[in-house]
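All remarks here apply to the structure that follows.
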There are 2 protein chains.
Amino acid sequence: MLCLLKFTPLFLVVAVGHGWLFGDLFEKQKELDEISLWPLPQKYQSSAVAFKLSPASFQIVHAKQSTAGPSCSLLENAFRRYFEYMFGELKKQDKSRKKAFDSDLSELQVWITSADPECDGYPSLRTDESYSLSVDETSAVLKAANVWGALRGLETFSQLVYEDDYGVSNINKTDISDFPRFAHRGILLDSSRHFLPLKVILANLEAMAMNKFNVFHWHIVDDQSFPFMSRTFPELSQKGAYHPFTHVYTPSDVKMVIEFARMRGIRVVAEFDTPGHTQSWGNGIKDLLTPCYSGSSPSGSFGPVNPILNSSYEFMSQLFKEISTVFPDAYIHLGGDEVDFSCWKSNPDIQKFMNQQGFGTDYSKLESFYIQRLLDIVAATKKGYMVWQEVFDNGVKLKDDTVVEVWKGNDMKEELQNVTGAGFTTIVSAPWYLDYISYGQDWQRYYKVEPLDFPGTDAQKKLVIGGEACLWGEYVDATNLTPRLWPRASAVAERLWSDASVTDVGNAYIRLAQHRCRMVRRGIPAEPLFVGHCRHEYRGL
Amino acid sequence: MLCLLKFTPLFLVVAVGHGWLFGDLFEKQKELDEISLWPLPQKYQSSAVAFKLSPASFQIVHAKQSTAGPSCSLLENAFRRYFEYMFGELKKQDKSRKKAFDSDLSELQVWITSADPECDGYPSLRTDESYSLSVDETSAVLKAANVWGALRGLETFSQLVYEDDYGVSNINKTDISDFPRFAHRGILLDSSRHFLPLKVILANLEAMAMNKFNVFHWHIVDDQSFPFMSRTFPELSQKGAYHPFTHVYTPSDVKMVIEFARMRGIRVVAEFDTPGHTQSWGNGIKDLLTPCYSGSSPSGSFGPVNPILNSSYEFMSQLFKEISTVFPDAYIHLGGDEVDFSCWKSNPDIQKFMNQQGFGTDYSKLESFYIQRLLDIVAATKKGYMVWQEVFDNGVKLKDDTVVEVWKGNDMKEELQNVTGAGFTTIVSAPWYLDYISYGQDWQRYYKVEPLDFPGTDAQKKLVIGGEACLWGEYVDATNLTPRLWPRASAVAERLWSDASVTDVGNAYIRLAQHRCRMVRRGIPAEPLFVGHCRHEYRGL
């Protein structure tokens, strides 16, 4: 185990194997303030030599050799965003009137090396997010294959900049070579239990980028409401949203979320969870849900999607066709969790169908029957799919590129062993259900999780492509979501990005406390870890 | 047990003894939306007859017979505030341009009956907060002895107003006679573990008024920081605050808090907790704290206030003299909790003093020695004092009007029995430590507490004058305090205001869910109780 920051002075660590190289760096306590990288880069070398940055003259520019230029609006936007994070908006506007001082570091050159910088593309599971960053006198160079790595490097660069006692921006001589440990680093937000105004979603995408998360798992609809406005089936949100106008995501809202995310290197994976979790769907679509019976007559309540009607599959086929065009990501999350069989069991038509199919009384076979047909429907749209672990557990035949999401905490290791043993890629969310709050510093519990700590071969471990912090929506909405998520999710961010050896909770505490103050300064109401203060406290409520 | 609101139709309850009288009131589910009083008034009678209010012509006015008039700025401010809560700011500004419709209810007359309306006074423990409210065709009358009851009645009136499906404001024919069950209904906020910007404190005072809380227990300083700027000892905050300029409360800040609270009928009881919880005090005041010893030499760390030096008492005398003038309330909270004896035990001078005084090894006697002298100092300022329960437990001689705050959960009933048995007034905070968060609807736990459920005579029960919801500051600051406090503290508000018979959690859920949406609409980011939505969601982050 390595220890990057120490309270005791003059601590020398050289560790090449797993990633770090640094020298006589931390001469005194005070300098702790100067380094608060989060998540910690894979390879990092720094010195106490500091360069000053002048807000009036410092620039972020395209390197001459870069394949990207001013026409790359993704990078242009990112340059502006990170300039403002570092120096604030006002200073920028004052530029012409401010007297520039001689700046030790005059510019950051961003050098994209691939023939295609992917300025207009979307990030994917295969995206190369690696970058290298070198800060030395007069200029810094950020090198990446494409814009996605550049975005990660810009975040790191901005985290290296610190204010000295005079309020002057400084950066230390630094060399960084960085890449994520896991390719899928997600946040699940739930806009069904409570509607999340666009502003909240966008703010959290910003916070995600500050933590190098790259997947927004949008659990967009569920039993409680259906805020997604479908062009094909407008009645879904008209009848299924909390309110048909004020509590829906229009096609243009969805586009905005996707574009805002893309600009930050974040994939948007939408989840349309069936056949359970669909009560709100039934409001708009007649006969979609199974009528439950009380004795020999319908009780008036409804269960999961009715799996025995062709109309159900025709509906799904049309809906997912639309979804596959609305969401550009290569994956759709199909849910498949927590199917309650009691309603199916009560329904005589379902019982008859079970007999016809020879399913006996094993309703998981009926569930699989439904899911299998759904997967075929979605596969026809050329999309890949993600599913919750039950779908795998029930033995449904899955495409090779399926991502199985392990969410049950009880037998997580066994499940990971089984899923990867069967050759499927998987992501872990079981230890990171952030809706389960408790008193104290629960971020440490999230931080200590090792996703690969399960019995399996190296090949199996490689199939674990990442994880997700899930903030289910029963108890959160616009009033409390953001401070509840941050910086608790930041613990997951470092676990999924940094080297497996980065496990020192004491060191993490110091950096994370500063990182949360940085988020606060950037306008994100990230809650405190413990007692203390930020130089710039939150200005909202 | 009474049930005010029912899902089933046509429910008739007549209950005079404990407070309610109402008839064929709740004809359908929908009308639940129309009544969401919180906390529930003591006596309440309403009918389905509804009157319309026109924002363009409706007025809140002083009744002709009222002893208060336009020169009563407290009421004038309250009229404006409640007008805006009910109709919004925009509508008011549009007044001249808006066509008034014939309003069924044209005005609310506020009738103060006492010779002295107390417009420029401060609320106190003995304040009469009762009021009566009658809403009938063309006008409503709110009658109260003084402005404090009027404030409570204005809140209730504003809660009676609801929007119909056309967005028109309505109010039902209603008669209310109301008064608080307990005189001390407090919220404790802690501005030491984290500095709370003024904006946060003021917003929470607003929320307190919406819930009829009447005491802001300001735990203003503690070990971690000393943000109170003293004129007598400016070094206390200069050296003891997180930052001497950005993280302090100037005298003018404190005045603003007190006046903002006064305008809402809220007392500000400041707590300066000694002899423990004083680490930050020691930064500015030499020799105030006890030097701890490691073996035979000082360890460099410090313990509680040094109780054996005269200088300590001279300091306290001057400081509390200032405090007694800065804070107009009749009470100061002197703390006295959680004194750690280990440092005192380690110090040879303290040991010697213990011998001289004949205290043996009973350090609680030393604690009492200190507290006794402090109480005498504070009594000399003509202030009453509140103390945490340890001060009583240790047998310190207390003034008759001392309020003992019971905060330990383990033996709360026994403690209440003992404190009241000794003839002291007491407030309960043990069951209401809202900093201890947990998953789910913990407000129900707070709601179910019955403060008088302890063995004792009627005379003893009368000594329980109220309670406090405490939100200690270890894990909260401006980013998350407000949604964490509300509406969880609202559960305590109803327990302390409404009749003891108001205990139906199901009914409370319905009203509280609406009450929290009302708070949200008024700009308070009160978090959701559970799944659902508000017509007007929070617009901030």
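Chains: A, B, ... in order of the structure tokens. Residues: from 1 per chain. Ligands: from 1, in order shown.
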
How close does chain A get to chain B? List, as a tab-separated table, each residue of chain A within 9 Å, its nearest atom pair and the distance in Å to one decimal, counting only C-alpha atoms.
```
residue	atom	partner	partner_atom	distance
A:Ser192	CA	B:Val531	CA	8.6
A:Arg193	CA	B:Val531	CA	5.0
A:His194	CA	B:Gly532	CA	5.8
A:Phe195	CA	B:His533	CA	7.0
A:Leu196	CA	B:Glu537	CA	8.9
A:Pro197	CA	B:Glu537	CA	8.1
A:Lys199	CA	B:Leu541	CA	7.3
A:Val200	CA	B:Leu541	CA	6.0
A:Ala203	CA	B:Leu541	CA	7.8
A:Gln224	CA	B:Val531	CA	7.5
A:Ser225	CA	B:Gly532	CA	8.7
A:Tyr242	CA	B:His533	CA	6.8
A:His243	CA	B:Arg535	CA	8.1
A:Thr246	CA	B:Arg535	CA	8.2
A:His247	CA	B:His533	CA	8.7
A:Asp435	CA	B:Tyr439	CA	7.6
A:Tyr436	CA	B:Tyr439	CA	5.5
A:Ile437	CA	B:Tyr439	CA	5.3
A:Ser438	CA	B:Ser438	CA	4.8
A:Tyr439	CA	B:Ile437	CA	5.3
A:Gly440	CA	B:Tyr475	CA	7.4
A:Gln441	CA	B:Tyr475	CA	8.7
A:Gly473	CA	B:Val531	CA	7.4
A:Glu474	CA	B:Val531	CA	5.0
A:Tyr475	CA	B:Phe530	CA	5.2
A:Val476	CA	B:Pro528	CA	6.4
A:Asp477	CA	B:Pro528	CA	6.9
A:Ala478	CA	B:Tyr538	CA	6.0
A:Thr479	CA	B:Pro525	CA	4.7
A:Asn480	CA	B:Pro483	CA	5.8
A:Leu481	CA	B:Leu541	CA	8.3
A:Thr482	CA	B:Leu541	CA	7.2
A:Pro483	CA	B:Asn480	CA	5.8
A:Arg484	CA	B:Asn480	CA	7.7
A:Val520	CA	B:Thr479	CA	8.2
A:Ile524	CA	B:Leu541	CA	8.3
A:Pro525	CA	B:Thr479	CA	4.7
A:Ala526	CA	B:Thr479	CA	6.2
A:Glu527	CA	B:Thr479	CA	5.5
A:Pro528	CA	B:Tyr475	CA	5.9
A:Leu529	CA	B:Tyr475	CA	6.5
A:Phe530	CA	B:Tyr475	CA	5.2
A:Val531	CA	B:Glu474	CA	5.0
A:Gly532	CA	B:His194	CA	5.8
A:His533	CA	B:His194	CA	6.1
A:Cys534	CA	B:Tyr242	CA	8.9
A:Arg535	CA	B:His243	CA	8.1
A:His536	CA	B:Thr246	CA	8.5
A:Glu537	CA	B:Ala478	CA	7.4
A:Tyr538	CA	B:Ala478	CA	5.9
A:Arg539	CA	B:Ala478	CA	7.6
A:Gly540	CA	B:Ala478	CA	7.3
A:Leu541	CA	B:Val200	CA	5.9
```

Name the residues of stretch 221-420 of chain A that come out as alpha helix (DSSP H) in a backbone DSSP run; write them as a compact mmCIF listing (two decimals) with N, CA and C atoms, in the first residue's frame.
```
# COMPACT_ATOMS: atom_id res chain seq x y z
N GLU A 235 -49.16 8.80 -25.20
CA GLU A 235 -50.05 8.55 -24.06
C GLU A 235 -49.28 7.98 -22.87
N LEU A 236 -48.09 7.42 -23.10
CA LEU A 236 -47.30 6.88 -21.99
C LEU A 236 -47.00 7.96 -20.96
N SER A 237 -46.52 9.11 -21.41
CA SER A 237 -46.24 10.19 -20.45
C SER A 237 -47.48 11.02 -20.17
N GLN A 238 -48.37 11.14 -21.16
CA GLN A 238 -49.61 11.90 -20.91
C GLN A 238 -50.38 11.31 -19.74
N LYS A 239 -50.40 9.99 -19.68
CA LYS A 239 -51.17 9.33 -18.62
C LYS A 239 -50.28 8.80 -17.51
N GLY A 240 -48.99 8.65 -17.81
CA GLY A 240 -48.13 7.96 -16.85
C GLY A 240 -47.18 8.85 -16.07
N PRO A 251 -38.63 15.31 -26.10
CA PRO A 251 -37.52 14.88 -26.95
C PRO A 251 -36.37 15.88 -26.92
N SER A 252 -36.68 17.13 -26.83
CA SER A 252 -35.59 18.12 -26.82
C SER A 252 -34.86 18.13 -25.46
N ASP A 253 -35.58 17.87 -24.37
CA ASP A 253 -34.91 17.72 -23.07
C ASP A 253 -33.92 16.56 -23.12
N VAL A 254 -34.38 15.45 -23.67
CA VAL A 254 -33.53 14.26 -23.73
C VAL A 254 -32.29 14.53 -24.58
N LYS A 255 -32.52 15.19 -25.72
CA LYS A 255 -31.38 15.56 -26.57
C LYS A 255 -30.38 16.42 -25.80
N MET A 256 -30.90 17.33 -25.01
CA MET A 256 -30.03 18.23 -24.26
C MET A 256 -29.19 17.45 -23.24
N VAL A 257 -29.82 16.53 -22.56
CA VAL A 257 -29.09 15.70 -21.60
C VAL A 257 -27.98 14.93 -22.31
N ILE A 258 -28.33 14.35 -23.45
CA ILE A 258 -27.35 13.53 -24.18
C ILE A 258 -26.19 14.39 -24.66
N GLU A 259 -26.50 15.57 -25.17
CA GLU A 259 -25.44 16.43 -25.69
C GLU A 259 -24.57 16.99 -24.56
N PHE A 260 -25.22 17.38 -23.48
CA PHE A 260 -24.50 17.89 -22.31
C PHE A 260 -23.55 16.81 -21.79
N ALA A 261 -24.03 15.59 -21.79
CA ALA A 261 -23.21 14.46 -21.34
C ALA A 261 -22.07 14.19 -22.32
N ARG A 262 -22.39 14.19 -23.59
CA ARG A 262 -21.37 13.94 -24.62
C ARG A 262 -20.22 14.93 -24.50
N GLN A 279 -45.86 -0.27 -13.63
CA GLN A 279 -47.21 0.19 -13.30
C GLN A 279 -47.60 1.45 -14.06
N SER A 280 -46.70 2.40 -14.15
CA SER A 280 -47.05 3.67 -14.81
C SER A 280 -47.25 3.50 -16.31
N TRP A 281 -46.66 2.45 -16.90
CA TRP A 281 -46.83 2.21 -18.33
C TRP A 281 -48.29 1.85 -18.64
N GLY A 282 -48.90 1.17 -17.67
CA GLY A 282 -50.25 0.67 -17.89
C GLY A 282 -51.29 1.76 -17.98
N ASN A 283 -50.98 2.93 -17.45
CA ASN A 283 -51.96 4.03 -17.51
C ASN A 283 -52.25 4.42 -18.95
N GLY A 284 -51.22 4.38 -19.78
CA GLY A 284 -51.38 4.86 -21.15
C GLY A 284 -51.68 3.76 -22.15
N ASN A 310 -49.56 -11.15 -27.95
CA ASN A 310 -48.71 -10.64 -29.02
C ASN A 310 -48.64 -9.13 -29.01
N SER A 311 -49.74 -8.50 -28.59
CA SER A 311 -49.77 -7.03 -28.60
C SER A 311 -48.68 -6.44 -27.71
N SER A 312 -48.34 -7.15 -26.63
CA SER A 312 -47.27 -6.66 -25.76
C SER A 312 -45.96 -6.56 -26.53
N TYR A 313 -45.68 -7.57 -27.34
CA TYR A 313 -44.41 -7.59 -28.06
C TYR A 313 -44.42 -6.60 -29.23
N GLU A 314 -45.59 -6.43 -29.81
CA GLU A 314 -45.69 -5.44 -30.88
C GLU A 314 -45.42 -4.04 -30.32
N PHE A 315 -45.99 -3.79 -29.15
CA PHE A 315 -45.75 -2.51 -28.48
C PHE A 315 -44.27 -2.32 -28.17
N MET A 316 -43.66 -3.33 -27.56
CA MET A 316 -42.24 -3.23 -27.19
C MET A 316 -41.38 -3.00 -28.43
N SER A 317 -41.74 -3.67 -29.49
CA SER A 317 -40.98 -3.56 -30.72
C SER A 317 -40.98 -2.11 -31.22
N GLN A 318 -42.14 -1.49 -31.21
CA GLN A 318 -42.22 -0.10 -31.67
C GLN A 318 -41.53 0.86 -30.70
N LEU A 319 -41.78 0.62 -29.41
CA LEU A 319 -41.20 1.53 -28.43
C LEU A 319 -39.67 1.48 -28.46
N PHE A 320 -39.12 0.28 -28.47
CA PHE A 320 -37.66 0.17 -28.43
C PHE A 320 -37.02 0.61 -29.75
N LYS A 321 -37.79 0.53 -30.82
CA LYS A 321 -37.30 1.08 -32.08
C LYS A 321 -37.09 2.59 -31.91
N GLU A 322 -38.07 3.24 -31.30
CA GLU A 322 -37.92 4.68 -31.04
C GLU A 322 -36.76 4.95 -30.09
N ILE A 323 -36.73 4.21 -29.00
CA ILE A 323 -35.68 4.41 -27.99
C ILE A 323 -34.30 4.26 -28.61
N SER A 324 -34.17 3.28 -29.50
CA SER A 324 -32.85 3.02 -30.08
C SER A 324 -32.39 4.17 -30.95
N THR A 325 -33.33 4.96 -31.46
CA THR A 325 -32.90 6.13 -32.25
C THR A 325 -32.72 7.36 -31.37
N VAL A 326 -33.50 7.46 -30.29
CA VAL A 326 -33.39 8.63 -29.41
C VAL A 326 -32.06 8.61 -28.65
N SER A 342 -46.86 -12.93 -8.20
CA SER A 342 -48.18 -13.20 -7.59
C SER A 342 -49.33 -12.86 -8.53
N CYS A 343 -49.19 -11.80 -9.30
CA CYS A 343 -50.29 -11.42 -10.20
C CYS A 343 -50.41 -12.42 -11.35
N TRP A 344 -49.26 -12.79 -11.92
CA TRP A 344 -49.29 -13.81 -12.97
C TRP A 344 -49.96 -15.09 -12.45
N LYS A 345 -49.60 -15.45 -11.25
CA LYS A 345 -50.14 -16.69 -10.66
C LYS A 345 -51.66 -16.64 -10.53
N SER A 346 -52.18 -15.42 -10.28
CA SER A 346 -53.61 -15.28 -10.01
C SER A 346 -54.45 -15.32 -11.29
N PRO A 348 -56.02 -16.62 -14.66
CA PRO A 348 -56.31 -17.93 -15.28
C PRO A 348 -55.76 -18.05 -16.70
N ASP A 349 -55.73 -16.94 -17.45
CA ASP A 349 -55.18 -17.02 -18.81
C ASP A 349 -53.69 -17.32 -18.77
N ILE A 350 -53.02 -16.69 -17.81
CA ILE A 350 -51.58 -16.96 -17.66
C ILE A 350 -51.38 -18.42 -17.27
N GLN A 351 -52.22 -18.90 -16.35
CA GLN A 351 -52.09 -20.30 -15.91
C GLN A 351 -52.22 -21.25 -17.11
N LYS A 352 -53.20 -20.96 -17.95
CA LYS A 352 -53.43 -21.80 -19.12
C LYS A 352 -52.20 -21.79 -20.04
N PHE A 353 -51.65 -20.59 -20.23
CA PHE A 353 -50.48 -20.42 -21.07
C PHE A 353 -49.28 -21.21 -20.52
N MET A 354 -49.14 -21.14 -19.19
CA MET A 354 -48.06 -21.89 -18.52
C MET A 354 -48.18 -23.38 -18.85
N ASN A 355 -49.40 -23.89 -18.77
CA ASN A 355 -49.63 -25.30 -19.09
C ASN A 355 -49.28 -25.60 -20.54
N GLN A 356 -49.78 -24.75 -21.44
CA GLN A 356 -49.51 -24.95 -22.87
C GLN A 356 -48.02 -25.01 -23.16
N GLN A 357 -47.27 -24.13 -22.50
CA GLN A 357 -45.83 -24.05 -22.75
C GLN A 357 -45.05 -25.10 -21.99
N TYR A 363 -42.61 -19.89 -12.63
CA TYR A 363 -42.90 -18.62 -13.30
C TYR A 363 -41.64 -17.90 -13.78
N SER A 364 -40.49 -18.31 -13.29
CA SER A 364 -39.27 -17.71 -13.83
C SER A 364 -39.09 -18.14 -15.28
N LYS A 365 -39.70 -19.28 -15.65
CA LYS A 365 -39.66 -19.67 -17.07
C LYS A 365 -40.50 -18.74 -17.91
N LEU A 366 -41.60 -18.29 -17.34
CA LEU A 366 -42.45 -17.33 -18.06
C LEU A 366 -41.73 -15.99 -18.20
N GLU A 367 -41.07 -15.61 -17.11
CA GLU A 367 -40.28 -14.38 -17.15
C GLU A 367 -39.23 -14.47 -18.25
N SER A 368 -38.53 -15.60 -18.28
CA SER A 368 -37.49 -15.79 -19.29
C SER A 368 -38.07 -15.78 -20.70
N PHE A 369 -39.25 -16.36 -20.81
CA PHE A 369 -39.94 -16.38 -22.10
C PHE A 369 -40.15 -14.96 -22.60
N TYR A 370 -40.60 -14.11 -21.69
CA TYR A 370 -40.82 -12.70 -22.06
C TYR A 370 -39.50 -12.01 -22.41
N ILE A 371 -38.55 -12.17 -21.51
CA ILE A 371 -37.27 -11.46 -21.69
C ILE A 371 -36.59 -11.90 -22.99
N GLN A 372 -36.66 -13.21 -23.25
CA GLN A 372 -36.02 -13.72 -24.46
C GLN A 372 -36.58 -13.03 -25.71
N ARG A 373 -37.89 -12.89 -25.75
CA ARG A 373 -38.49 -12.24 -26.91
C ARG A 373 -38.11 -10.76 -26.94
N LEU A 374 -38.06 -10.14 -25.76
CA LEU A 374 -37.68 -8.72 -25.72
C LEU A 374 -36.26 -8.52 -26.21
N LEU A 375 -35.36 -9.41 -25.76
CA LEU A 375 -33.96 -9.28 -26.18
C LEU A 375 -33.84 -9.41 -27.69
N ASP A 376 -34.60 -10.30 -28.26
CA ASP A 376 -34.56 -10.47 -29.72
C ASP A 376 -35.05 -9.20 -30.42
N ILE A 377 -36.10 -8.60 -29.82
CA ILE A 377 -36.63 -7.35 -30.37
C ILE A 377 -35.56 -6.26 -30.35
N VAL A 378 -34.88 -6.16 -29.21
CA VAL A 378 -33.88 -5.10 -29.07
C VAL A 378 -32.66 -5.39 -29.93
N ALA A 379 -32.28 -6.66 -30.00
CA ALA A 379 -31.14 -7.03 -30.83
C ALA A 379 -31.39 -6.62 -32.28
N GLN A 389 -29.08 -8.58 -12.79
CA GLN A 389 -28.57 -9.95 -12.67
C GLN A 389 -29.63 -11.04 -12.78
N GLU A 390 -30.88 -10.76 -12.40
CA GLU A 390 -31.91 -11.80 -12.45
C GLU A 390 -32.04 -12.43 -13.83
N VAL A 391 -31.83 -11.61 -14.86
CA VAL A 391 -32.01 -12.12 -16.22
C VAL A 391 -30.98 -13.23 -16.49
N PHE A 392 -29.76 -12.97 -16.03
CA PHE A 392 -28.74 -14.03 -16.14
C PHE A 392 -29.09 -15.21 -15.24
N ASP A 393 -29.49 -14.92 -14.01
CA ASP A 393 -29.78 -15.98 -13.04
C ASP A 393 -30.86 -16.93 -13.55
N MET A 412 -22.78 -11.46 -3.66
CA MET A 412 -22.19 -10.75 -4.78
C MET A 412 -21.00 -11.49 -5.38
N LYS A 413 -20.13 -11.99 -4.50
CA LYS A 413 -18.92 -12.64 -5.02
C LYS A 413 -19.27 -13.88 -5.84
N GLU A 414 -20.22 -14.65 -5.32
CA GLU A 414 -20.64 -15.85 -6.03
C GLU A 414 -21.24 -15.47 -7.39
N GLU A 415 -22.04 -14.41 -7.36
CA GLU A 415 -22.69 -13.98 -8.60
C GLU A 415 -21.66 -13.54 -9.64
N LEU A 416 -20.65 -12.78 -9.18
CA LEU A 416 -19.61 -12.32 -10.11
C LEU A 416 -18.87 -13.51 -10.69
N GLN A 417 -18.62 -14.47 -9.82
CA GLN A 417 -17.95 -15.69 -10.27
C GLN A 417 -18.77 -16.38 -11.36
N ASN A 418 -20.07 -16.49 -11.12
CA ASN A 418 -20.93 -17.18 -12.08
C ASN A 418 -21.07 -16.43 -13.40
N VAL A 419 -21.31 -15.12 -13.28
CA VAL A 419 -21.53 -14.33 -14.49
C VAL A 419 -20.28 -14.33 -15.37
N THR A 420 -19.13 -14.08 -14.75
CA THR A 420 -17.89 -14.06 -15.54
C THR A 420 -17.50 -15.47 -15.96
```

* So which residues touch A:Gly466 within 12 Å, counting only C-alpha atoms, skipping near sequence neighbours fewer than 6 positions away, as number ranges by chain? -> A: 125, 180-187, 213-215, 403-406, 416, 425-430, 450-452, 492-498

* **Å distance separating atom CA of A:Met263 from atom CA of A:Trp407, one decimal place** =>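 Atom CA of A:Met263 sits 29.0 Å away from atom CA of A:Trp407.
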
* **Those of stretch 368-460 of chain A in DSSP strand (DSSP E or B), formatted as number ranges by chain** => A: 384-388, 403-406, 425-428, 433, 438

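If you measure from each of B:Thr290, B:His217, B:Asn394, B:Met229 to B:Leu334 using only C-alpha atoms, the closest one turns out to be B:His217.
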
* **Residue nearest A:Arg267 among A:Ser124, A:Ser54, A:Gln460, A:Ser301 (counting only C-alpha atoms)** =>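 Checking each candidate against A:Arg267, we get A:Ser124 as the closest.
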
* Nearest residue to B:Met210 from the set B:Tyr85, B:Phe58, B:Phe341, B:Tyr446 (distances using only C-alpha atoms) ->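 Closest residue, counting only C-alpha atoms: B:Tyr85.
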
* Near A:Leu289, counting only C-alpha atoms, which residues have an atom at most 6 Å away, once you skip same-chain residues fewer than 2 positions from it, shown as a PyMOL selection string? -> chain A and resi 282+287+302-306

* **Test item: residues at most 10 Å from stretch 112-116 of chain B, only C-alpha atoms, excluding those fewer than 5 positions along its chain, as a list in words** => His62, Ala63, Lys64, Gln65, Ser66, Thr67, Ala68, Gly69, Gly121, Tyr131, Leu142, Lys143, Ala144, Ala145, Asn146, Val147, Trp148, Gly149 and Ala150 of chain B

* Using atom CA of B:Arg231 and atom CA of B:Phe245 as the two end points, give the distance in Å to one decimal. => 14.4 Å

* To do: Work out how far apart atom CA of A:Gly384 and atom CA of A:Val248 are and give it in Å to one decimal.
  =>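 Separation between atom CA of A:Gly384 and atom CA of A:Val248: 26.1 Å.
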
* To do: Rank nothing, just name the residue among A:Pro455, A:Ser490, A:Leu189, A:Gln444 nearest to A:Val505, using only C-alpha atoms.
  =>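 Ranked by minimum distance to A:Val505, first place goes to A:Gln444.
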